[in-house]
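A.B. asks: One file is attached below, final_32.cif, containing mmCIF, C-alpha atoms; chains and numbers go by the auth columns.
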```cif
data_query
loop_
_atom_site.group_PDB
_atom_site.id
_atom_site.type_symbol
_atom_site.label_atom_id
_atom_site.label_comp_id
_atom_site.label_asym_id
_atom_site.label_seq_id
_atom_site.Cartn_x
_atom_site.Cartn_y
_atom_site.Cartn_z
_atom_site.B_iso_or_equiv
_atom_site.auth_seq_id
_atom_site.auth_asym_id
ATOM 1 C CA MET A 1 2.507 -13.686 14.370 0.00 1 A
ATOM 2 C CA ALA A 2 3.587 -10.100 13.741 0.00 2 A
ATOM 3 C CA LEU A 3 0.962 -7.433 13.074 0.00 3 A
ATOM 4 C CA LEU A 4 2.600 -5.888 10.019 0.00 4 A
ATOM 5 C CA PRO A 5 1.240 -2.781 8.283 0.00 5 A
ATOM 6 C CA LEU A 6 -0.902 -3.418 5.205 0.00 6 A
ATOM 7 C CA ARG A 7 -1.870 -1.340 2.200 0.00 7 A
ATOM 8 C CA THR A 8 -5.576 -2.125 2.420 0.00 8 A
ATOM 9 C CA LYS A 9 -9.042 -0.643 2.420 0.00 9 A
ATOM 10 C CA PHE A 10 -10.444 -3.379 4.675 0.00 10 A
ATOM 11 C CA LYS A 11 -11.103 -2.649 8.324 0.00 11 A
ATOM 12 C CA GLY A 12 -8.858 -4.365 10.837 0.00 12 A
ATOM 13 C CA PRO A 13 -6.045 -4.000 13.366 0.00 13 A
ATOM 14 C CA ALA A 14 -3.223 -3.567 10.817 0.00 14 A
ATOM 15 C CA ALA A 15 -1.631 -0.148 10.520 0.00 15 A
ATOM 16 C CA SER A 16 -1.672 1.512 7.112 0.00 16 A
ATOM 17 C CA ALA A 17 1.370 0.925 4.897 0.00 17 A
ATOM 18 C CA PRO A 18 2.264 3.743 2.490 0.00 18 A
ATOM 19 C CA GLY A 19 4.213 1.571 0.030 0.00 19 A
ATOM 20 C CA PRO A 20 4.689 -2.103 -0.744 0.00 20 A
ATOM 21 C CA ASP A 21 3.666 -4.429 2.087 0.00 21 A
ATOM 22 C CA VAL A 22 4.009 -8.084 3.074 0.00 22 A
ATOM 23 C CA ILE A 23 1.202 -9.115 0.692 0.00 23 A
ATOM 24 C CA ASP A 24 3.085 -7.549 -2.225 0.00 24 A
ATOM 25 C CA GLU A 25 6.213 -9.417 -1.128 0.00 25 A
ATOM 26 C CA ALA A 26 4.332 -12.728 -0.825 0.00 26 A
ATOM 27 C CA LEU A 27 2.849 -12.339 -4.314 0.00 27 A
ATOM 28 C CA GLN A 28 6.163 -11.245 -5.821 0.00 28 A
ATOM 29 C CA TYR A 29 8.003 -14.320 -4.518 0.00 29 A
ATOM 30 C CA PHE A 30 5.079 -16.773 -4.567 0.00 30 A
ATOM 31 C CA LYS A 31 6.102 -18.687 -7.699 0.00 31 A
ATOM 32 C CA ALA A 32 9.575 -19.335 -6.290 0.00 32 A
ATOM 33 C CA ASN A 33 8.563 -19.883 -2.654 0.00 33 A
ATOM 34 C CA VAL A 34 5.824 -22.396 -3.426 0.00 34 A
ATOM 35 C CA PHE A 35 8.473 -24.983 -4.348 0.00 35 A
ATOM 36 C CA PHE A 36 10.092 -24.860 -0.890 0.00 36 A
ATOM 37 C CA LYS A 37 9.644 -27.933 1.282 0.00 37 A
ATOM 38 C CA GLU A 38 11.238 -26.108 4.231 0.00 38 A
ATOM 39 C CA TYR A 39 11.350 -22.430 5.071 0.00 39 A
ATOM 40 C CA GLU A 40 13.741 -20.962 7.609 0.00 40 A
ATOM 41 C CA ILE A 41 11.885 -18.658 9.976 0.00 41 A
ATOM 42 C CA LYS A 42 14.101 -15.760 11.007 0.00 42 A
ATOM 43 C CA SER A 43 11.429 -13.462 12.449 0.00 43 A
ATOM 44 C CA SER A 44 7.718 -13.285 13.160 0.00 44 A
ATOM 45 C CA SER A 45 7.327 -11.482 9.817 0.00 45 A
ATOM 46 C CA ASP A 46 8.280 -14.746 8.105 0.00 46 A
ATOM 47 C CA ARG A 47 5.280 -16.406 9.747 0.00 47 A
ATOM 48 C CA VAL A 48 2.994 -13.831 8.115 0.00 48 A
ATOM 49 C CA LEU A 49 4.690 -14.493 4.769 0.00 49 A
ATOM 50 C CA ILE A 50 4.184 -18.264 5.207 0.00 50 A
ATOM 51 C CA TYR A 51 0.476 -17.799 5.991 0.00 51 A
ATOM 52 C CA ILE A 52 -0.053 -15.519 2.966 0.00 52 A
ATOM 53 C CA THR A 53 1.763 -17.950 0.660 0.00 53 A
ATOM 54 C CA LEU A 54 -0.469 -20.797 1.850 0.00 54 A
ATOM 55 C CA TYR A 55 -3.542 -18.593 1.467 0.00 55 A
ATOM 56 C CA VAL A 56 -2.582 -17.637 -2.118 0.00 56 A
ATOM 57 C CA THR A 57 -2.543 -21.363 -2.916 0.00 57 A
ATOM 58 C CA GLU A 58 -6.072 -21.657 -1.469 0.00 58 A
ATOM 59 C CA CYS A 59 -7.153 -18.683 -3.588 0.00 59 A
ATOM 60 C CA LEU A 60 -5.767 -20.291 -6.743 0.00 60 A
ATOM 61 C CA LYS A 61 -7.667 -23.506 -5.965 0.00 61 A
ATOM 62 C CA LYS A 62 -10.913 -21.524 -5.775 0.00 62 A
ATOM 63 C CA LEU A 63 -10.096 -19.491 -8.891 0.00 63 A
ATOM 64 C CA GLN A 64 -9.748 -22.666 -10.971 0.00 64 A
ATOM 65 C CA LYS A 65 -13.539 -22.855 -11.003 0.00 65 A
ATOM 66 C CA CYS A 66 -14.003 -19.209 -12.013 0.00 66 A
ATOM 67 C CA SER A 67 -14.462 -18.277 -15.648 0.00 67 A
ATOM 68 C CA SER A 68 -14.540 -14.495 -15.214 0.00 68 A
ATOM 69 C CA LYS A 69 -13.164 -11.798 -12.957 0.00 69 A
ATOM 70 C CA ASN A 70 -16.661 -11.064 -11.652 0.00 70 A
ATOM 71 C CA THR A 71 -17.217 -14.613 -10.383 0.00 71 A
ATOM 72 C CA ALA A 72 -13.677 -14.588 -8.998 0.00 72 A
ATOM 73 C CA MET A 73 -14.461 -11.465 -6.957 0.00 73 A
ATOM 74 C CA LYS A 74 -17.459 -13.228 -5.407 0.00 74 A
ATOM 75 C CA GLU A 75 -15.411 -16.359 -4.640 0.00 75 A
ATOM 76 C CA MET A 76 -12.580 -14.378 -3.039 0.00 76 A
ATOM 77 C CA HIS A 77 -15.031 -12.330 -0.975 0.00 77 A
ATOM 78 C CA THR A 78 -16.618 -15.557 0.313 0.00 78 A
ATOM 79 C CA LEU A 79 -13.243 -17.216 0.952 0.00 79 A
ATOM 80 C CA GLY A 80 -11.954 -14.156 2.817 0.00 80 A
ATOM 81 C CA LEU A 81 -14.936 -14.114 5.172 0.00 81 A
ATOM 82 C CA GLU A 82 -15.485 -17.829 5.720 0.00 82 A
ATOM 83 C CA ASN A 83 -14.632 -19.417 9.049 0.00 83 A
ATOM 84 C CA PHE A 84 -10.941 -20.250 9.507 0.00 84 A
ATOM 85 C CA ASP A 85 -8.653 -21.595 12.202 0.00 85 A
ATOM 86 C CA ILE A 86 -5.994 -19.479 13.892 0.00 86 A
ATOM 87 C CA PRO A 87 -2.790 -20.545 15.656 0.00 87 A
ATOM 88 C CA GLY A 88 -3.560 -22.508 18.803 0.00 88 A
ATOM 89 C CA GLU A 89 -6.776 -24.045 17.492 0.00 89 A
ATOM 90 C CA PRO A 90 -6.682 -27.820 16.917 0.00 90 A
ATOM 91 C CA ASN A 91 -7.235 -27.722 13.122 0.00 91 A
ATOM 92 C CA PHE A 92 -4.669 -25.010 12.354 0.00 92 A
ATOM 93 C CA PRO A 93 -2.080 -26.803 10.160 0.00 93 A
ATOM 94 C CA LEU A 94 0.968 -24.839 11.357 0.00 94 A
ATOM 95 C CA ASN A 95 0.620 -24.951 15.145 0.00 95 A
ATOM 96 C CA ALA A 96 4.225 -26.144 15.460 0.00 96 A
ATOM 97 C CA LEU A 97 5.460 -22.909 13.843 0.00 97 A
ATOM 98 C CA TYR A 98 3.154 -20.380 15.499 0.00 98 A
ATOM 99 C CA GLN A 99 2.765 -19.292 19.090 0.00 99 A
ATOM 100 C CA LYS A 100 -0.701 -19.648 20.591 0.00 100 A
ATOM 101 C CA PRO A 101 -2.347 -16.309 21.486 0.00 101 A
ATOM 102 C CA SER A 102 -2.013 -15.621 25.211 0.00 102 A
ATOM 103 C CA GLY A 103 -5.532 -14.396 25.896 0.00 103 A
ATOM 104 C CA ARG A 104 -8.964 -13.754 24.444 0.00 104 A
ATOM 105 C CA GLU A 105 -8.117 -10.190 23.367 0.00 105 A
ATOM 106 C CA GLU A 106 -4.962 -11.306 21.537 0.00 106 A
ATOM 107 C CA GLN A 107 -6.933 -14.137 19.929 0.00 107 A
ATOM 108 C CA ASP A 108 -9.599 -11.706 18.653 0.00 108 A
ATOM 109 C CA THR A 109 -6.965 -9.293 17.318 0.00 109 A
ATOM 110 C CA LEU A 110 -5.167 -12.130 15.512 0.00 110 A
ATOM 111 C CA ARG A 111 -8.422 -13.378 13.956 0.00 111 A
ATOM 112 C CA GLN A 112 -9.258 -9.847 12.736 0.00 112 A
ATOM 113 C CA TYR A 113 -5.734 -9.392 11.351 0.00 113 A
ATOM 114 C CA ILE A 114 -5.803 -12.704 9.493 0.00 114 A
ATOM 115 C CA GLN A 115 -9.228 -11.880 8.079 0.00 115 A
ATOM 116 C CA GLN A 116 -7.913 -8.503 6.921 0.00 116 A
ATOM 117 C CA ILE A 117 -4.970 -10.285 5.239 0.00 117 A
ATOM 118 C CA ARG A 118 -7.286 -12.825 3.602 0.00 118 A
ATOM 119 C CA GLN A 119 -9.605 -10.173 2.166 0.00 119 A
ATOM 120 C CA GLU A 120 -6.815 -7.992 0.783 0.00 120 A
ATOM 121 C CA THR A 121 -4.813 -10.942 -0.551 0.00 121 A
ATOM 122 C CA GLY A 122 -7.870 -12.256 -2.397 0.00 122 A
ATOM 123 C CA LEU A 123 -8.317 -8.959 -4.222 0.00 123 A
ATOM 124 C CA ARG A 124 -4.652 -8.713 -5.168 0.00 124 A
ATOM 125 C CA VAL A 125 -4.529 -12.306 -6.390 0.00 125 A
ATOM 126 C CA ILE A 126 -7.421 -11.565 -8.747 0.00 126 A
ATOM 127 C CA GLU A 127 -5.548 -8.550 -10.150 0.00 127 A
ATOM 128 C CA LYS A 128 -2.462 -10.722 -10.761 0.00 128 A
ATOM 129 C CA VAL A 129 -4.267 -13.774 -12.146 0.00 129 A
ATOM 130 C CA PHE A 130 -6.943 -12.336 -14.428 0.00 130 A
ATOM 131 C CA ASP A 131 -6.034 -10.772 -17.766 0.00 131 A
ATOM 132 C CA PRO A 132 -7.995 -7.508 -18.164 0.00 132 A
ATOM 133 C CA ALA A 133 -8.184 -7.916 -21.949 0.00 133 A
ATOM 134 C CA THR A 134 -9.668 -11.438 -22.008 0.00 134 A
ATOM 135 C CA ASP A 135 -11.244 -11.660 -18.512 0.00 135 A
ATOM 136 C CA LYS A 136 -9.726 -15.141 -18.219 0.00 136 A
ATOM 137 C CA PRO A 137 -7.300 -16.513 -15.599 0.00 137 A
ATOM 138 C CA SER A 138 -3.633 -16.773 -16.563 0.00 138 A
ATOM 139 C CA LYS A 139 -2.397 -20.325 -17.006 0.00 139 A
ATOM 140 C CA TRP A 140 0.978 -19.132 -15.711 0.00 140 A
ATOM 141 C CA TRP A 141 -0.636 -18.523 -12.324 0.00 141 A
ATOM 142 C CA MET A 142 -3.209 -21.294 -12.320 0.00 142 A
ATOM 143 C CA CYS A 143 -0.549 -23.983 -12.817 0.00 143 A
ATOM 144 C CA PHE A 144 0.512 -23.340 -9.186 0.00 144 A
ATOM 145 C CA ALA A 145 -2.906 -24.219 -7.713 0.00 145 A
ATOM 146 C CA LYS A 146 -1.888 -27.822 -7.011 0.00 146 A
ATOM 147 C CA LYS A 147 1.483 -26.989 -5.441 0.00 147 A
ATOM 148 C CA LYS A 148 1.871 -27.315 -1.686 0.00 148 A
ATOM 149 C CA PHE A 149 4.187 -24.864 0.026 0.00 149 A
ATOM 150 C CA MET A 150 6.096 -26.727 2.765 0.00 150 A
ATOM 151 C CA ASP A 151 3.806 -29.716 2.034 0.00 151 A
ATOM 152 C CA LYS A 152 1.055 -27.868 3.968 0.00 152 A
ATOM 153 C CA SER A 153 -2.419 -26.599 3.163 0.00 153 A
ATOM 154 C CA LEU A 154 -4.804 -24.306 5.011 0.00 154 A
ATOM 155 C CA SER A 155 -7.803 -26.373 3.925 0.00 155 A
ATOM 156 C CA ALA A 156 -8.691 -29.833 5.122 0.00 156 A
ATOM 157 C CA PRO A 157 -7.838 -32.777 2.813 0.00 157 A
ATOM 158 C CA GLY A 158 -10.328 -33.163 -0.010 0.00 158 A
ATOM 159 C CA PHE A 159 -11.256 -29.456 -0.270 0.00 159 A
#
```
In structure tokens, what does this structure look like?

C.D. replies:
Amino acid sequence: MALLPLRTKFKGPAASAPGPDVIDEALQYFKANVFFKEYEIKSSSDRVLIYITLYVTECLKKLQKCSSKNTAMKEMHTLGLENFDIPGEPNFPLNALYQKPSGREEQDTLRQYIQQIRQETGLRVIEKVFDPATDKPSKWWMCFAKKKFMDKSLSAPGF
């Protein structure tokens, strides 16, 4: 997985991006990409885009239960920090598409990078989904919570 620069305030191994980053791209194309059953991987950047798209779906699932932006912030903070699998671990759903980290240091860096992506993505999803005037989630975003990009999910069945 490529370590792409991010426009974020969260600590992690990603370099700072001055303009739009991969999270912006994932959110911009999410509604179209989520319908794909297959996705052609042309570079390691595409793997980051795939992970973010799957994570946005997880965020939307959590946001279905949130009635206000404040509760959504708490949910996204919790989701961003909760334990997750990385490529190479047995429960990671996309092991066929990702290369296993070569050593402990690379594994730690990848875990920190994914956590940084998860935290920043959660915040940006909230900004996209919640209407500032009504403090309610947009039905035009929430309708995608049940969609499965590439027929995959980052969470175990039943969650």

A.B. asks: List as a PyMOL selection string the protein and nucleic acid residues near stretch 88-102 of chain A, meaning an atom at most 10 Å away when all atoms listed in the file are counted, but skip any in the same chain fewer than 3 places from it.

C.D. replies: chain A and resi 1+41+44+47-48+50-51+84-85+105-110+152-156

A.B. asks: Run the PyMOL selection byres ((chain A and resi 135-142) around 7) against the file shown and list the residues it catches, as a compact mmCIF listing (two decimals) with C-alpha atoms, in the coordinates of the input.

C.D. replies:
```
# COMPACT_ATOMS: atom_id res chain seq x y z
CA LEU A 60 -5.77 -20.29 -6.74
CA GLN A 64 -9.75 -22.67 -10.97
CA SER A 67 -14.46 -18.28 -15.65
CA SER A 68 -14.54 -14.50 -15.21
CA LYS A 69 -13.16 -11.80 -12.96
CA VAL A 129 -4.27 -13.77 -12.15
CA PHE A 130 -6.94 -12.34 -14.43
CA ASP A 131 -6.03 -10.77 -17.77
CA PRO A 132 -8.00 -7.51 -18.16
CA ALA A 133 -8.18 -7.92 -21.95
CA THR A 134 -9.67 -11.44 -22.01
CA CYS A 143 -0.55 -23.98 -12.82
CA PHE A 144 0.51 -23.34 -9.19
CA ALA A 145 -2.91 -24.22 -7.71
```

A.B. asks: Work out how far atom CA of A:Lys61 is from atom CA of A:Gln112, in Å to one decimal.

C.D. replies: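 Atom CA of A:Lys61 lies at a distance of 23.2 Å from atom CA of A:Gln112.
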
A.B. asks: Interatomic distance between atom CA of A:Pro20 and atom CA of A:Lys65?

C.D. replies: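 Going from atom CA of A:Pro20 over to atom CA of A:Lys65 covers 29.5 Å.
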
A.B. asks: Suppose you want the space between atom CA of A:Ile114 and atom CA of A:Asn70; what is it in Å?

C.D. replies: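 Here the two named atoms are 23.8 Å from each other.
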
A.B. asks: Here's the selection I'm unsure about, the PyMOL selection byres ((chain A and resi 119-127) around 9); applied to the file above, which residues does it give, as JSON, numbers by chain?

C.D. replies: {"A": [6, 7, 8, 9, 10, 23, 24, 27, 52, 55, 56, 59, 60, 63, 69, 72, 73, 75, 76, 77, 79, 80, 81, 114, 115, 116, 117, 118, 128, 129, 130, 131, 132, 137]}

A.B. asks: Would you mind exporting C-alpha atoms of the selected residues as a JSON list (two decimals), in the frame of the given file?

C.D. replies:
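As a result, out-v8.json now contains:
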```
[["chain", "number", "residue", "atom", "x", "y", "z"],
["A", 6, "LEU", "CA", -0.90, -3.42, 5.20],
["A", 7, "ARG", "CA", -1.87, -1.34, 2.20],
["A", 8, "THR", "CA", -5.58, -2.12, 2.42],
["A", 9, "LYS", "CA", -9.04, -0.64, 2.42],
["A", 10, "PHE", "CA", -10.44, -3.38, 4.68],
["A", 23, "ILE", "CA", 1.20, -9.12, 0.69],
["A", 24, "ASP", "CA", 3.08, -7.55, -2.22],
["A", 27, "LEU", "CA", 2.85, -12.34, -4.31],
["A", 52, "ILE", "CA", -0.05, -15.52, 2.97],
["A", 55, "TYR", "CA", -3.54, -18.59, 1.47],
["A", 56, "VAL", "CA", -2.58, -17.64, -2.12],
["A", 59, "CYS", "CA", -7.15, -18.68, -3.59],
["A", 60, "LEU", "CA", -5.77, -20.29, -6.74],
["A", 63, "LEU", "CA", -10.10, -19.49, -8.89],
["A", 69, "LYS", "CA", -13.16, -11.80, -12.96],
["A", 72, "ALA", "CA", -13.68, -14.59, -9.00],
["A", 73, "MET", "CA", -14.46, -11.46, -6.96],
["A", 75, "GLU", "CA", -15.41, -16.36, -4.64],
["A", 76, "MET", "CA", -12.58, -14.38, -3.04],
["A", 77, "HIS", "CA", -15.03, -12.33, -0.98],
["A", 79, "LEU", "CA", -13.24, -17.22, 0.95],
["A", 80, "GLY", "CA", -11.95, -14.16, 2.82],
["A", 81, "LEU", "CA", -14.94, -14.11, 5.17],
["A", 114, "ILE", "CA", -5.80, -12.70, 9.49],
["A", 115, "GLN", "CA", -9.23, -11.88, 8.08],
["A", 116, "GLN", "CA", -7.91, -8.50, 6.92],
["A", 117, "ILE", "CA", -4.97, -10.28, 5.24],
["A", 118, "ARG", "CA", -7.29, -12.82, 3.60],
["A", 128, "LYS", "CA", -2.46, -10.72, -10.76],
["A", 129, "VAL", "CA", -4.27, -13.77, -12.15],
["A", 130, "PHE", "CA", -6.94, -12.34, -14.43],
["A", 131, "ASP", "CA", -6.03, -10.77, -17.77],
["A", 132, "PRO", "CA", -8.00, -7.51, -18.16],
["A", 137, "PRO", "CA", -7.30, -16.51, -15.60]]
```

A.B. asks: Which of these, A:Cys66, A:Met150, A:Ala17, A:Leu4, has the shortest distance to A:Tyr39 once you count only C-alpha atoms?

C.D. replies: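 Counting only C-alpha atoms, the residue closest to A:Tyr39 is A:Met150.
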
A.B. asks: Kindly provide, as JSON, the centre and edge lengths (Å, one decimal) of an axis-aligned box around all atoms of stretch 68-80 of chain A given in the file, with 8 Å on each side.

C.D. replies:
```
{"center_x": -14.7, "center_y": -14.1, "center_z": -6.2, "size_x": 21.5, "size_y": 22.2, "size_z": 34.0}
```

A.B. asks: Counting all atoms listed in the file, which of A:Lys42, A:Arg104, A:Arg111, A:Lys62 gets nearest to A:Pro13?

C.D. replies: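 Going through A:Lys42, A:Arg104, A:Arg111, A:Lys62 one by one, the smallest distance to A:Pro13 is for A:Arg111.
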
A.B. asks: Restricting the calculation to all atoms listed in the file, which member of A:Ile86, A:Phe149, A:Leu49, A:Val34 is positioned closest to A:Asp21?

C.D. replies: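 Selected residue with least distance to A:Asp21: A:Leu49.
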
A.B. asks: Which residue gives the smallest distance to A:Ser16 among A:Gln28, A:Lys74, A:Lys146, A:Leu3, with only C-alpha atoms counted?

C.D. replies: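 Of all the options, A:Leu3 lies closest to A:Ser16.
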
A.B. asks: Pick out the closest residue to A:Tyr113 from this set: A:Ala15, A:Ala32, A:Leu54, A:Ala26. Count all atoms listed in the file.

C.D. replies: A:Ala15
